[in-house]
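Participant: Structure file upload-v2.tsv (TSV, C-alpha atoms and all ligand atoms) is given on the next line.
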chain	number	residue	atom	x	y	z
A	13	MET	CA	0.00	0.00	0.00
A	14	PHE	CA	1.21	3.53	-0.78
A	15	ARG	CA	1.28	5.99	2.11
A	16	SER	CA	1.11	9.12	0.02
A	17	VAL	CA	0.26	10.41	-3.44
A	18	ALA	CA	3.94	11.39	-3.80
A	19	ASP	CA	4.82	7.68	-3.50
A	20	GLY	CA	2.34	6.94	-6.30
A	21	PHE	CA	4.09	9.47	-8.57
A	22	ALA	CA	7.51	8.04	-7.67
A	23	LYS	CA	6.26	4.58	-8.68
A	24	LEU	CA	4.87	5.79	-12.01
A	25	LEU	CA	8.09	7.69	-12.79
A	26	GLU	CA	10.10	4.54	-12.06
A	27	ALA	CA	7.87	2.48	-14.36
A	28	ILE	CA	8.41	4.82	-17.31
A	29	GLU	CA	12.18	5.19	-16.83
A	30	PRO	CA	13.85	4.24	-20.14
A	31	ASN	CA	15.33	0.79	-20.08
A	32	PRO	CA	19.10	1.08	-20.67
A	33	LYS	CA	19.10	-2.19	-22.66
A	34	GLU	CA	16.47	-0.87	-25.04
A	35	VAL	CA	18.45	2.32	-25.63
A	36	ASP	CA	21.76	0.45	-26.06
A	37	ALA	CA	20.19	-1.91	-28.58
A	38	ARG	CA	19.15	1.02	-30.76
A	39	ALA	CA	22.46	2.79	-30.29
A	40	SER	CA	24.20	-0.32	-31.58
A	41	HIS	CA	22.95	0.56	-35.08
A	42	ARG	CA	24.67	3.91	-35.03
A	43	ARG	CA	27.79	2.77	-36.85
A	44	SER	CA	25.88	1.12	-39.70
A	45	ILE	CA	23.64	4.19	-40.14
A	46	GLU	CA	26.78	6.31	-40.37
A	47	GLN	CA	28.29	3.97	-42.95
A	48	ALA	CA	25.12	4.07	-45.07
A	49	LEU	CA	25.06	7.87	-45.04
A	50	ASP	CA	28.78	8.09	-45.69
A	51	THR	CA	28.36	5.96	-48.81
A	52	SER	CA	25.52	8.07	-50.22
A	53	PHE	CA	26.47	11.61	-49.21
A	54	ALA	CA	29.91	12.81	-50.26
A	55	ASN	CA	30.10	15.41	-47.50
A	56	PHE	CA	28.37	13.57	-44.66
A	57	ASN	CA	29.86	14.86	-41.44
A	58	ARG	CA	28.52	12.92	-38.44
A	59	LEU	CA	25.53	11.56	-36.60
A	60	ALA	CA	24.72	13.53	-33.46
A	61	VAL	CA	22.35	12.26	-30.79
A	62	ILE	CA	19.62	14.83	-30.05
A	63	GLY	CA	16.16	14.75	-28.49
A	64	SER	CA	14.69	13.64	-25.19
A	65	HIS	CA	17.27	10.90	-24.50
A	66	THR	CA	19.94	13.60	-24.13
A	67	ARG	CA	17.82	15.52	-21.59
A	68	GLU	CA	16.40	12.73	-19.39
A	69	THR	CA	12.88	13.44	-20.58
A	70	ALA	CA	12.47	10.23	-22.58
A	71	ILE	CA	10.06	7.50	-21.50
A	72	ARG	CA	10.34	3.75	-21.82
A	73	GLY	CA	9.10	2.16	-25.01
A	74	TYR	CA	7.70	5.36	-26.54
A	75	SER	CA	10.44	7.96	-26.92
A	76	ASP	CA	12.36	7.42	-30.13
A	77	VAL	CA	16.13	7.81	-30.32
A	78	ASP	CA	16.82	10.88	-32.46
A	79	TYR	CA	19.89	11.31	-34.61
A	80	LEU	CA	20.75	14.50	-36.42
A	81	ALA	CA	22.58	13.48	-39.59
A	82	VAL	CA	24.82	16.43	-40.32
A	83	LEU	CA	25.25	16.65	-44.10
A	84	GLY	CA	27.58	18.96	-45.95
A	85	LYS	CA	26.09	22.00	-47.63
A	86	ALA	CA	27.05	20.51	-51.02
A	87	ASP	CA	24.90	17.44	-50.22
A	88	VAL	CA	21.75	19.58	-50.09
A	89	MET	CA	22.51	21.96	-52.99
A	90	HIS	CA	21.52	21.70	-56.61
A	91	GLY	CA	22.07	24.34	-59.28
A	92	GLY	CA	23.38	26.77	-56.69
A	93	LYS	CA	20.34	26.48	-54.44
A	94	VAL	CA	19.38	24.44	-51.39
A	95	VAL	CA	16.88	21.80	-52.54
A	96	GLN	CA	13.55	21.05	-50.87
A	97	SER	CA	13.96	19.13	-47.60
A	98	SER	CA	11.57	16.48	-48.98
A	99	THR	CA	14.15	15.67	-51.66
A	100	VAL	CA	16.87	15.24	-49.04
A	101	LEU	CA	14.56	13.08	-46.91
A	102	ALA	CA	13.89	10.87	-49.94
A	103	ASN	CA	17.66	10.52	-50.51
A	104	VAL	CA	18.26	9.61	-46.86
A	105	ARG	CA	15.45	7.10	-47.02
A	106	ARG	CA	16.98	5.50	-50.12
A	107	ALA	CA	20.44	5.39	-48.51
A	108	LEU	CA	19.13	3.69	-45.38
A	109	GLY	CA	16.84	1.40	-47.39
A	110	SER	CA	19.74	-0.03	-49.33
A	111	ARG	CA	21.67	-0.70	-46.11
A	112	PHE	CA	18.79	-2.09	-43.96
A	113	LYS	CA	17.00	-4.21	-46.53
A	114	SER	CA	14.66	-6.13	-44.25
A	115	THR	CA	13.87	-3.26	-41.87
A	116	GLU	CA	10.80	-1.06	-42.13
A	117	ILE	CA	11.80	2.46	-43.14
A	118	ARG	CA	9.36	5.33	-43.54
A	119	ASN	CA	9.23	9.09	-43.71
A	120	ASP	CA	7.57	10.79	-40.77
A	121	GLY	CA	7.40	14.58	-40.93
A	122	PRO	CA	10.95	15.92	-40.60
A	123	SER	CA	12.65	12.54	-40.25
A	124	VAL	CA	13.28	9.10	-41.66
A	125	VAL	CA	12.22	6.42	-39.18
A	126	VAL	CA	14.10	3.14	-39.08
A	127	ASN	CA	11.96	0.66	-37.21
A	128	PHE	CA	14.33	-2.02	-35.97
A	129	LYS	CA	12.82	-5.37	-35.18
A	130	GLY	CA	13.21	-7.39	-32.01
A	131	GLY	CA	11.81	-4.77	-29.64
A	132	GLU	CA	14.57	-2.29	-30.33
A	133	GLY	CA	12.08	0.27	-31.52
A	134	ALA	CA	12.37	3.30	-33.69
A	135	VAL	CA	15.40	5.37	-34.54
A	136	ASP	CA	14.67	8.78	-36.07
A	137	VAL	CA	17.20	10.14	-38.51
A	138	VAL	CA	16.76	13.88	-39.08
A	139	PRO	CA	18.94	15.22	-41.91
A	140	GLY	CA	20.33	18.71	-41.44
A	141	TYR	CA	23.10	21.03	-42.45
A	142	TRP	CA	25.13	23.55	-40.47
A	143	SER	CA	23.70	26.99	-40.96
A	144	GLY	CA	25.59	29.19	-38.49
A	145	THR	CA	25.83	29.76	-34.76
A	146	THR	CA	23.68	31.30	-32.05
A	147	GLY	CA	24.48	34.96	-31.31
A	148	GLN	CA	26.85	35.46	-28.41
A	149	ASP	CA	27.28	31.95	-27.10
A	150	GLY	CA	28.21	30.35	-30.42
A	151	TYR	CA	26.22	27.10	-30.34
A	152	PRO	CA	25.79	25.45	-33.76
A	153	VAL	CA	22.52	26.10	-35.58
A	154	PHE	CA	21.28	23.55	-38.13
A	155	ALA	CA	18.61	23.64	-40.80
A	156	ILE	CA	16.34	20.59	-40.55
A	157	PRO	CA	13.20	19.63	-42.51
A	158	ASP	CA	10.06	21.48	-41.41
A	159	GLY	CA	7.82	18.56	-42.36
A	160	VAL	CA	6.22	20.32	-45.33
A	161	GLY	CA	9.14	20.49	-47.76
A	162	GLY	CA	11.02	23.50	-46.41
A	163	TRP	CA	13.66	23.93	-43.73
A	164	LEU	CA	13.61	25.30	-40.18
A	165	LEU	CA	16.45	26.32	-37.91
A	166	THR	CA	17.23	24.52	-34.69
A	167	SER	CA	20.03	24.34	-32.15
A	168	PRO	CA	19.61	21.15	-30.12
A	169	GLN	CA	22.52	21.97	-27.80
A	170	ARG	CA	21.36	25.52	-27.10
A	171	HIS	CA	17.78	24.38	-26.47
A	172	SER	CA	19.06	21.65	-24.16
A	173	LYS	CA	21.15	24.17	-22.23
A	174	TYR	CA	18.04	26.33	-21.76
A	175	LEU	CA	15.94	23.36	-20.63
A	176	VAL	CA	18.61	22.19	-18.18
A	177	GLU	CA	18.83	25.70	-16.68
A	178	GLU	CA	15.06	26.02	-16.36
A	179	GLY	CA	14.93	22.50	-14.93
A	180	ALA	CA	17.37	23.47	-12.19
A	181	ALA	CA	15.26	26.55	-11.41
A	182	SER	CA	12.25	24.26	-10.92
A	183	ARG	CA	14.16	22.05	-8.48
A	184	TYR	CA	14.30	19.31	-11.11
A	185	LYS	CA	10.50	18.83	-11.14
A	186	LEU	CA	10.36	19.96	-14.78
A	187	LYS	CA	11.91	16.77	-16.19
A	188	GLY	CA	9.62	14.54	-14.12
A	189	THR	CA	6.55	16.57	-15.06
A	190	ILE	CA	7.45	16.29	-18.76
A	191	ARG	CA	7.85	12.52	-18.44
A	192	LEU	CA	4.53	12.23	-16.59
A	193	LEU	CA	2.81	14.24	-19.34
A	194	LYS	CA	4.25	11.85	-21.93
A	195	ALA	CA	2.78	8.97	-19.90
A	196	TRP	CA	-0.59	10.78	-19.94
A	197	LYS	CA	-0.26	11.18	-23.72
A	198	TYR	CA	0.50	7.51	-24.41
A	199	ALA	CA	-1.87	6.05	-21.81
A	200	ARG	CA	-4.66	6.47	-24.37
A	201	THR	CA	-5.37	4.86	-27.74
A	202	PRO	CA	-5.07	6.81	-29.93
A	203	SER	CA	-2.55	8.83	-27.93
A	204	VAL	CA	-3.21	12.49	-27.13
A	205	PRO	CA	-1.96	14.57	-30.08
A	206	LEU	CA	0.87	16.63	-28.62
A	207	LEU	CA	4.44	17.30	-29.82
A	208	SER	CA	7.02	16.78	-27.09
A	209	PHE	CA	9.47	19.52	-27.98
A	210	HIS	CA	6.77	22.19	-27.76
A	211	LEU	CA	5.65	20.78	-24.41
A	212	GLU	CA	9.14	21.06	-22.91
A	213	LEU	CA	9.70	24.61	-24.09
A	214	LEU	CA	6.18	25.62	-23.05
A	215	LEU	CA	6.49	24.41	-19.46
A	216	ALA	CA	10.01	25.80	-19.14
A	217	SER	CA	9.09	29.24	-20.47
A	218	ALA	CA	5.81	29.44	-18.52
A	219	GLY	CA	7.61	28.50	-15.28
A	220	THR	CA	4.96	25.84	-14.63
A	221	CYS	CA	7.17	23.85	-12.26
A	222	LYS	CA	8.98	26.75	-10.55
A	223	GLY	CA	8.98	27.05	-6.78
A	224	ILE	CA	8.08	24.43	-4.23
A	225	LYS	CA	5.38	22.38	-5.90
A	226	THR	CA	4.26	18.78	-5.90
A	227	TYR	CA	4.06	16.82	-9.17
A	228	GLY	CA	0.28	16.96	-8.78
A	229	ALA	CA	0.27	20.76	-8.65
A	230	CYS	CA	2.67	21.00	-11.63
A	231	LEU	CA	0.45	18.67	-13.66
A	232	LEU	CA	-2.75	20.56	-12.84
A	233	ASP	CA	-1.17	23.81	-14.01
A	234	ALA	CA	0.21	22.10	-17.14
A	235	PHE	CA	-3.20	20.65	-18.05
A	236	ARG	CA	-4.85	24.05	-17.58
A	237	LEU	CA	-2.20	25.68	-19.72
A	238	LEU	CA	-2.68	23.12	-22.50
A	239	ARG	CA	-6.46	23.50	-22.29
A	240	ASP	CA	-6.40	27.32	-22.35
A	241	ARG	CA	-3.85	27.68	-25.16
A	242	GLY	CA	-6.18	25.86	-27.52
A	243	GLY	CA	-3.43	24.06	-29.42
A	244	SER	CA	-1.68	27.23	-30.59
A	245	ALA	CA	1.99	27.23	-31.56
A	246	LEU	CA	4.69	28.70	-29.31
A	247	ASN	CA	7.31	31.29	-30.23
A	248	ASP	CA	10.66	29.71	-29.49
A	249	PRO	CA	11.69	31.42	-26.21
A	250	LEU	CA	15.27	31.51	-27.57
A	251	GLY	CA	14.18	32.99	-30.91
A	252	ILE	CA	16.03	30.30	-32.90
A	253	SER	CA	13.27	28.12	-34.35
A	254	GLY	CA	10.40	30.56	-34.89
A	255	ARG	CA	6.90	29.14	-34.28
A	256	ILE	CA	6.95	25.68	-32.72
A	257	PRO	CA	3.72	23.74	-33.27
A	258	ILE	CA	2.09	21.54	-30.63
A	259	VAL	CA	-0.15	19.75	-33.16
A	260	TYR	CA	-0.38	19.69	-36.95
A	261	THR	CA	-4.14	20.04	-37.58
A	262	ALA	CA	-7.21	21.83	-36.19
A	263	HIS	CA	-8.76	18.45	-35.50
A	264	GLN	CA	-5.76	17.46	-33.36
A	265	ALA	CA	-5.94	20.80	-31.52
A	266	GLU	CA	-9.56	20.11	-30.65
A	267	ALA	CA	-8.73	16.63	-29.36
A	268	LEU	CA	-5.81	17.97	-27.30
A	269	VAL	CA	-7.99	20.63	-25.63
A	270	LYS	CA	-10.67	18.07	-24.82
A	271	HIS	CA	-8.17	15.66	-23.26
A	272	ALA	CA	-6.45	18.48	-21.32
A	273	ALA	CA	-9.79	19.76	-19.94
A	274	HIS	CA	-10.72	16.25	-18.81
A	275	ALA	CA	-7.31	15.80	-17.16
A	276	ALA	CA	-7.46	19.24	-15.47
A	277	PHE	CA	-10.86	18.42	-14.00
A	278	HIS	CA	-9.70	15.13	-12.48
A	279	ALA	CA	-6.30	16.50	-11.39
A	280	ASP	CA	-8.15	19.25	-9.54
A	281	ALA	CA	-10.38	16.65	-7.87
A	282	ALA	CA	-7.29	14.62	-6.94
A	283	LEU	CA	-5.58	17.60	-5.29
A	284	SER	CA	-8.73	18.54	-3.34
A	285	ALA	CA	-9.13	14.97	-2.13
A	286	GLU	CA	-5.48	14.84	-1.06
A	287	GLN	CA	-5.83	18.13	0.83
A	288	SER	CA	-8.82	16.69	2.72
A	289	GLY	CA	-6.83	13.59	3.61
A	290	LEU	CA	-8.85	11.39	1.25
A	291	ILE	CA	-5.85	9.55	-0.17
A	292	ASP	CA	-7.79	6.62	-1.68
A	293	GLU	CA	-9.94	9.10	-3.61
A	294	ALA	CA	-6.85	11.04	-4.74
A	295	PHE	CA	-5.36	7.82	-6.16
A	296	ARG	CA	-8.67	7.04	-7.88
A	297	GLN	CA	-8.69	10.46	-9.56
A	298	TRP	CA	-5.05	10.18	-10.71
A	299	ARG	CA	-5.85	6.77	-12.13
A	300	ILE	CA	-8.55	8.45	-14.24
A	301	VAL	CA	-6.05	11.07	-15.44
A	302	PHE	CA	-3.46	8.42	-16.34
A	303	ASN	CA	-6.01	5.93	-17.65
A	304	GLY	CA	-4.88	3.21	-15.24
A	305	TRP	CA	-1.11	3.82	-15.58
A	306	PHE	CA	-1.03	5.48	-12.15
A	307	PRO	CA	-0.64	2.73	-9.52
A	308	SER	CA	-3.52	1.55	-7.36
A	309	ARG	CA	-3.12	2.60	-3.75
A	310	ARG	CA	-3.44	-0.95	-2.46
B	401	LIG	N1	9.58	22.41	-34.27
B	401	LIG	C1	10.87	22.23	-33.96
B	401	LIG	N2	11.72	23.26	-34.02
B	401	LIG	C2	13.02	23.08	-33.71
B	401	LIG	N3	13.57	21.93	-33.30
B	401	LIG	C3	12.77	20.85	-33.21
B	401	LIG	C4	11.38	20.93	-33.54
B	401	LIG	N4	10.83	19.72	-33.35
B	401	LIG	C5	11.83	18.91	-32.94
B	401	LIG	N5	13.00	19.58	-32.85
B	401	LIG	C6	14.32	19.03	-32.43
B	401	LIG	O1	14.32	17.63	-32.65
B	401	LIG	C7	14.47	16.92	-31.39
B	401	LIG	C8	13.70	15.63	-31.41
B	401	LIG	O2	12.31	15.87	-31.51
B	401	LIG	P1	11.21	14.82	-31.02
B	401	LIG	O3	9.95	15.21	-31.71
B	401	LIG	O4	11.70	13.41	-31.15
B	401	LIG	O5	11.03	15.18	-29.50
B	401	LIG	P2	11.77	14.69	-28.22
B	401	LIG	O6	12.12	15.95	-27.47
B	401	LIG	O7	12.91	13.80	-28.55
B	401	LIG	O8	10.63	13.90	-27.43
B	401	LIG	P3	10.12	12.35	-27.50
B	401	LIG	O9	10.45	11.81	-26.14
B	401	LIG	O10	8.65	12.44	-27.72
B	401	LIG	O11	10.82	11.67	-28.62
B	401	LIG	C9	14.03	17.93	-30.34
B	401	LIG	O12	14.58	17.64	-29.07
B	401	LIG	C10	14.54	19.24	-30.93
B	401	LIG	O13	15.92	19.40	-30.69
B	402	MG	MG	12.60	12.00	-29.63
Rewrite the coordinates I just gave you, this time as structure tokens.

Facilitator:
Amino acid sequence: MFRSVADGFAKLLEAIEPNPKEVDARASHRRSIEQALDTSFANFNRLAVIGSHTRETAIRGYSDVDYLAVLGKADVMHGGKVVQSSTVLANVRRALGSRFKSTEIRNDGPSVVVNFKGGEGAVDVVPGYWSGTTGQDGYPVFAIPDGVGGWLLTSPQRHSKYLVEEGAASRYKLKGTIRLLKAWKYARTPSVPLLSFHLELLLASAGTCKGIKTYGACLLDAFRLLRDRGGSALNDPLGISGRIPIVYTAHQAEALVKHAAHAAFHADAALSAEQSGLIDEAFRQWRIVFNGWFPSRR
């Protein structure tokens, strides 16, 4: 039996901790992905790990491993101009397809997904090229596909630095809250439409987890924020990437708002129950929010 709601959150966080074996298995393909890209792109530079696994905001079984494939400028130029990102994605897909013949490979928005068999899961390869550095601090900025044929600018290292700093200011509750929100997302079929990168920047820039707060209080504020923003995009707080979408369609925005309103209602009920000492009821309400992923009290 759990004594407190905090113990329930600790248990859920432990259950969604990425499994090191799963991550290692995917990382083991790194060398062969590099070889495939090296063969097809004359100026291929390197494969850099980016995404939630570099920031401890990944969750078990659901967070992909993201690689930024840094191509040379000449690899993305034709007739003196940078080609459409969709053309580069098609080339990357072909390069990986000829190396991993029996593995499912597909395009998904800005990346090529290699779906390794045997429970190793998906590896996302995002092609990009160096496009400059951030103002004063000189972090590399890359152009990556924007998902609709063009390119957008991003600086994974600079964004990570920002998220780490904001995480420290929130007494490290930010990372846990992000992972819990990913659990909320995937606890439903179909999952709640919601892009992770937006979520991290949103909570960091809104200061949702700042101060002395329980996970429950952070989540309630996050659900209210998601509900009230109506699925709108976020201006990159660092001004590097422009508008960062949370969903791709109006239909997805509507679904997100509905799910967030439902979650805010039950999170509110859970916090009230906890304050009144009704711990069984608080667990029951969190189990509604997390669709059964939150542990039973007894
Ligand atoms: N709209 C965007 N603008 C700029 N950079 C982006 C954008 N979307 C994704 N990225 C970069 O690509 C990385 C990988 O994105 P992805 O969608 O896999 O999210 P994630 O943070 O890895 O979360 P998840 O755990 O869901 O995989 C991000 O961490 C970020 O560096
Ligand atoms: Mg990822």

Participant: If you measure from atom CA of A:Ser217 to atom CA of A:Thr201, what distance in Å do you get, rounded to one decimal?

Facilitator: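 Between atom CA of A:Ser217 and atom CA of A:Thr201 the gap is 29.3 Å.
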
Participant: Do you have, as JSON lines, the list of residues of chain A lying at most 7 Å from ligand LIG 401 (chain B), each with its nearest atom pair and that distance in Å to one decimal, counting all atoms listed in the file and ordered by chain then number?

Facilitator:
{"residue": "A:Ile62", "atom": "CA", "partner": "B:LIG401", "partner_atom": "C7", "distance": 5.7}
{"residue": "A:Gly63", "atom": "CA", "partner": "B:LIG401", "partner_atom": "O12", "distance": 3.3}
{"residue": "A:Ser64", "atom": "CA", "partner": "B:LIG401", "partner_atom": "O7", "distance": 3.8}
{"residue": "A:His65", "atom": "CA", "partner": "B:LIG401", "partner_atom": "O7", "distance": 6.6}
{"residue": "A:Thr69", "atom": "CA", "partner": "B:LIG401", "partner_atom": "O9", "distance": 6.3}
{"residue": "A:Ala70", "atom": "CA", "partner": "B:LIG401", "partner_atom": "O9", "distance": 4.4}
{"residue": "A:Ile71", "atom": "CA", "partner": "B:LIG401", "partner_atom": "O9", "distance": 6.3}
{"residue": "A:Ser75", "atom": "CA", "partner": "B:LIG401", "partner_atom": "O9", "distance": 3.9}
{"residue": "A:Asp76", "atom": "CA", "partner": "B:LIG401", "partner_atom": "O11", "distance": 4.8}
{"residue": "A:Val77", "atom": "CA", "partner": "B:LIG401", "partner_atom": "O11", "distance": 6.8}
{"residue": "A:Asp78", "atom": "CA", "partner": "B:LIG401", "partner_atom": "C8", "distance": 5.8}
{"residue": "A:Leu164", "atom": "CA", "partner": "B:LIG401", "partner_atom": "N2", "distance": 6.8}
{"residue": "A:Leu165", "atom": "CA", "partner": "B:LIG401", "partner_atom": "C2", "distance": 6.3}
{"residue": "A:Thr166", "atom": "CA", "partner": "B:LIG401", "partner_atom": "C2", "distance": 4.6}
{"residue": "A:Ser167", "atom": "CA", "partner": "B:LIG401", "partner_atom": "O13", "distance": 6.6}
{"residue": "A:Pro168", "atom": "CA", "partner": "B:LIG401", "partner_atom": "O13", "distance": 4.1}
{"residue": "A:His171", "atom": "CA", "partner": "B:LIG401", "partner_atom": "O13", "distance": 6.8}
{"residue": "A:Leu207", "atom": "CA", "partner": "B:LIG401", "partner_atom": "O3", "distance": 6.2}
{"residue": "A:Ser208", "atom": "CA", "partner": "B:LIG401", "partner_atom": "O8", "distance": 4.6}
{"residue": "A:Phe209", "atom": "CA", "partner": "B:LIG401", "partner_atom": "O6", "distance": 4.5}
{"residue": "A:Ser253", "atom": "CA", "partner": "B:LIG401", "partner_atom": "C2", "distance": 5.1}
{"residue": "A:Ile256", "atom": "CA", "partner": "B:LIG401", "partner_atom": "N1", "distance": 4.5}
{"residue": "A:Pro257", "atom": "CA", "partner": "B:LIG401", "partner_atom": "N1", "distance": 6.1}

Participant: Go through A:Ala229, A:Val126, A:Ile45, A:Val204 one by one, measure the shortest atom-to-atom distance of each to A:Leu268 using only C-alpha atoms, and give the residue with the smallest value.

Facilitator: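 Between A:Ala229, A:Val126, A:Ile45, A:Val204, the residue approaching A:Leu268 most closely is A:Val204.
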
Participant: Of the residues A:Ser203, A:Ser288, A:Gln264, A:Thr66, which is the one nearest to ligand MG 402 (chain B), using all atoms listed in the file?

Facilitator: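 Once distances to ligand MG 402 (chain B) are computed over all atoms listed in the file, the minimum belongs to A:Thr66.
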
Participant: Pick from A:Ile156, A:Val269, A:Ala245, A:Val135: nearest to ligand MG 402 (chain B), with all atoms listed in the file counted?

Facilitator: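 Selected residue with least distance to ligand MG 402 (chain B): A:Val135.
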
Participant: Of the residues A:His41, A:Gly140, A:Arg310, A:Thr226, which is the one nearest to A:Asn127, using all atoms listed in the file?

Facilitator: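 Once distances to A:Asn127 are computed over all atoms listed in the file, the minimum belongs to A:His41.
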
Participant: I want to know what sits within 8 Å of A:Val100, based on all atoms listed in the file, with residues of the same chain fewer than 4 positions away left out; could you give that as a PyMOL selection string?

Facilitator: chain A and resi 88+95-96+104+139

Participant: Could you check how far atom CA of A:Ala54 sits from atom CA of A:Leu83, in Å to one decimal?

Facilitator: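 Between atom CA of A:Ala54 and atom CA of A:Leu83 the gap is 8.6 Å.
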
Participant: (22.5, 1.7, -33.9) in this file's frame - what residues fall within 12 Å of it? Use only C-alpha atoms and give the answer as JSON, numbers by chain.

Facilitator: {"A": [34, 35, 36, 37, 38, 39, 40, 41, 42, 43, 44, 45, 46, 47, 48, 59, 61, 77, 78, 79, 112, 126, 127, 128, 132, 133, 134, 135, 136, 137]}

Participant: Would you please work out which residue, of A:Arg183, A:His90, A:Lys85, A:Arg105, is nearest to A:Pro122 when using only C-alpha atoms?

Facilitator: A:Arg105

Participant: Mind listing whatever residues come within 10 Å of the point (-1.4, 23.4, -25.7)? Use all atoms listed in the file, file coordinates, and give them as a PyMOL selection string.

Facilitator: chain A and resi 205-207+210-211+214+234-246+257-259+265+268-269+272

Participant: When distances are computed from all atoms listed in the file, which of A:Tyr184, A:Tyr74, A:Tyr151, A:Phe295 shows the smallest separation from ligand MG 402 (chain B)?

Facilitator: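 Once distances to ligand MG 402 (chain B) are computed over all atoms listed in the file, the minimum belongs to A:Tyr74.
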
Participant: Go ahead and compute the interatomic distance for atom CA of A:Gly144 and atom CA of A:Gln169, in Å to one decimal.

Facilitator: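 According to the coordinates, atom CA of A:Gly144 and atom CA of A:Gln169 are separated by 13.3 Å.
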
Participant: Could you list, as a list in words, every residue within 9 Å of A:Lys187, counting all atoms listed in the file and ignoring same-chain residues fewer than 4 positions away?

Facilitator: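 Final neighbour list, sorted by chain and number: Arg67, Glu68, Thr69, Leu175, Val176, Gly179, Arg191, Leu192 and Glu212 of chain A.
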
Participant: Determine, counting all atoms listed in the file, which protein, DNA and RNA residues have an atom within 12 Å of an atom of A:Pro307; residues of the same chain fewer than 5 positions away are not included. Present the result as a list in words.

Facilitator: Met13, Phe14, Ser16, Val17, Ala18, Asp19, Gly20, Phe21, Ala22, Lys23, Leu24, Leu25, Glu26, Ala27, Asp292, Ala294, Phe295, Arg296, Gln297, Trp298, Arg299, Ile300, Val301 and Phe302 of chain A
